[in-house]
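Notes to accompany the following structure.
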Amino acid sequence: MSRRLAGKVAIVTGAGCVGPGWGNGRAVAVRFAQEGALVLAVDKSADAMTETLALAGDAAPRISTWTGDATRSDDVQAMVQACVARFGKIDVLVNNVGGSRKGGPVDLAEADWDAQIDFNLKSVFLACKFAIPEMLKVGGGAIVNTASTSALRWTGAAQVGYASAKAGIVQLSRVVAIEYAARNIRVNTVIPGQMHTPMVEARLAKQRAGGDLDSLLAQRQSRIPLGFMGDGRDTANAALFLASDEARFITATEIVVDGGMSARCD
């Protein structure tokens with residue numbers, strides 16, 4: 001049985017994690033490598049990718065790591081150049097850098113608003129800016145961007161910068177998809193919901209529950225009709241489909257991975 005990304009070269013940003021376990025980017029990098037892709041796994045922290053490689057197991061030799069800041073133009077351009085230098089091309093780009101900061105327009109500092117837009121949205125813009133020309137050289141490619149159900153609805157906390165940036169990713173993806181459809185570049189968005197990723201323990205429990213992790217997990221799970229939280233592997237499986245040739249007729253759209261949460265009224 002052939003692997004679904006055999007012969008493909010992929011860049012995955014945010015491929016490390018803030019703690020142990022299956023973050024979205026880590027899971028995408030591992031899943032893509034398991035399916036035959038050569039992966040440039042990118043993160044701001046080199047140490048954060050140690051576990052990514054460990055979890056990849058036998059697929060680890062297909063993952064090459066690169067350290068850089070996805071919000072800095074020079075770093076992103078260098079990332080793209082590094083991928084081409086190591087693997088000769090770019091077929092797939094997964095933009096997965098992001099993170100939330102609590103606060104509405106009154107509470108959120110202006111500097112934090114700017115940082116949220118840069119971190120979550122500008123990072124996608126920059127990666128597309130520099131990767132698309134390389135995709136065009138090989139006749140096309142697939143871009144998968146990671147948003148959030150916060151782009152669609154209130155998810156339990158005022159986080160206006162994060163929600164606005166993630167909504168921006170959805171529309172950025174659609175616009176780029178239509179612009180480059182005739183040149184065989186597909187662009188889609190995965191929209192994860194209340195996932196149980198390492199970020200919940202490392203950041204969200206402190207931000208929203210005073211450090212009470214069990215309370216936060218129960219609160220998040222109570223919103224999900226399926227009755228359990230997914231993790232980064234669920235996001236990765238959706239990204240894998242969108243990146244593969246199985247999705248050859250799919251562009252400018254979104255896959256929501258949230259256990260039914262965003263379809264509920266309450």
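A note on labels: chains of the structure tokens are A, B, ... as shown, every chain counts residues from 1, and ligands are counted from 1 in their shown order.
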
Exercise for the section: Within range 151-189 of chain A, find each residue whose DSSP state, derived from the backbone, is alpha helix (DSSP H), and express the selection as a ChimeraX atom specification. Expected result: /A:160-180

Wanna dump the range 138-211 of chain A-range 10-29 of chain A contacts at 12 Å for me, each residue with its shortest atom pair and the distance in Å to one decimal, counting only C-alpha atoms, ordered by chain and number, as a tab-separated table?
residue	atom	partner	partner_atom	distance
A:Gly141	CA	A:Ala10	CA	9.7
A:Ala142	CA	A:Ala10	CA	9.2
A:Ile143	CA	A:Ala10	CA	9.5
A:Val144	CA	A:Val12	CA	9.5
A:Asn145	CA	A:Thr13	CA	10.0
A:Thr146	CA	A:Asn24	CA	8.7
A:Ala147	CA	A:Asn24	CA	11.0
A:Ser148	CA	A:Asn24	CA	11.4
A:Val190	CA	A:Asn24	CA	10.5
A:Ile191	CA	A:Asn24	CA	11.0
A:Pro192	CA	A:Asn24	CA	8.9
A:Gly193	CA	A:Asn24	CA	11.4
A:Gln194	CA	A:Asn24	CA	11.9
A:Met195	CA	A:Gly23	CA	9.0
A:His196	CA	A:Gly23	CA	8.4
A:Thr197	CA	A:Gly23	CA	5.1
A:Pro198	CA	A:Gly19	CA	5.2
A:Met199	CA	A:Val18	CA	6.1
A:Val200	CA	A:Gly19	CA	9.5
A:Glu201	CA	A:Gly19	CA	8.1
A:Ala202	CA	A:Val18	CA	6.6
A:Arg203	CA	A:Val18	CA	8.6
A:Leu204	CA	A:Val18	CA	11.5

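In this structure, CA of Val257 in chain A sits 14.4 Å away from CA of Arg220 in chain A.
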
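Using only C-alpha atoms, the smallest distance between any of A:Asp118, A:Glu254, A:Glu35, A:Glu134 and Ala6 in chain A comes from A:Glu35.
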
Handout entry: Nearest to Leu152 in chain A by atom-to-atom distance, counting only C-alpha atoms, from A:Val39, A:Ala82, A:Met261, A:Leu242
Key =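 Of A:Val39, A:Ala82, A:Met261, A:Leu242, the one nearest Leu152 in chain A, counting only C-alpha atoms, is A:Met261.
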
Practice task
Name all residues at most 9 Å from Ser244 in chain A (count only C-alpha atoms; drop same-chain ones fewer than 6 positions away) and give them as a VMD selection string.
Solution key: chain A and resid 4 to 5 92 142

Using only all heavy atoms, please write the residues we just selected to a file, as a short mmCIF file (atom, residue, chain, number, x, y, z; two decimals), in the first residue's frame.
data_model
loop_
_atom_site.label_atom_id
_atom_site.label_comp_id
_atom_site.auth_asym_id
_atom_site.auth_seq_id
_atom_site.Cartn_x
_atom_site.Cartn_y
_atom_site.Cartn_z
N ARG A 4 0.50 8.04 1.50
CA ARG A 4 -0.32 9.09 0.92
C ARG A 4 0.47 10.34 0.53
O ARG A 4 0.01 11.13 -0.30
CB ARG A 4 -1.45 9.45 1.89
CG ARG A 4 -2.39 8.28 2.11
CD ARG A 4 -3.20 8.43 3.38
NE ARG A 4 -4.28 9.38 3.24
CZ ARG A 4 -5.08 9.74 4.25
NH1 ARG A 4 -4.89 9.21 5.46
NH2 ARG A 4 -6.04 10.60 4.06
N LEU A 5 1.64 10.53 1.12
CA LEU A 5 2.46 11.69 0.77
C LEU A 5 3.82 11.27 0.23
O LEU A 5 4.78 12.05 0.27
CB LEU A 5 2.64 12.60 1.99
CG LEU A 5 1.38 13.25 2.55
CD1 LEU A 5 1.71 14.15 3.73
CD2 LEU A 5 0.63 14.07 1.48
N VAL A 92 4.16 20.95 -0.05
CA VAL A 92 3.12 21.16 0.96
C VAL A 92 3.63 22.14 2.01
O VAL A 92 4.78 22.06 2.44
CB VAL A 92 2.74 19.83 1.65
CG1 VAL A 92 1.68 20.07 2.72
CG2 VAL A 92 2.25 18.80 0.63
N ALA A 142 0.04 22.23 -2.13
CA ALA A 142 -1.09 22.31 -1.20
C ALA A 142 -0.66 23.06 0.05
O ALA A 142 0.40 22.79 0.61
CB ALA A 142 -1.58 20.92 -0.82
#

Exercise for the section: Please provide the set of residues having any atom within 10 Å of range 67-73 of chain A, restricted to only C-alpha atoms, with same-chain residues fewer than 6 positions apart removed, written as a PyMOL selection string. Expected result: chain A and resi 13-14+16+40-49+79+95-98+115+117-127+129-130
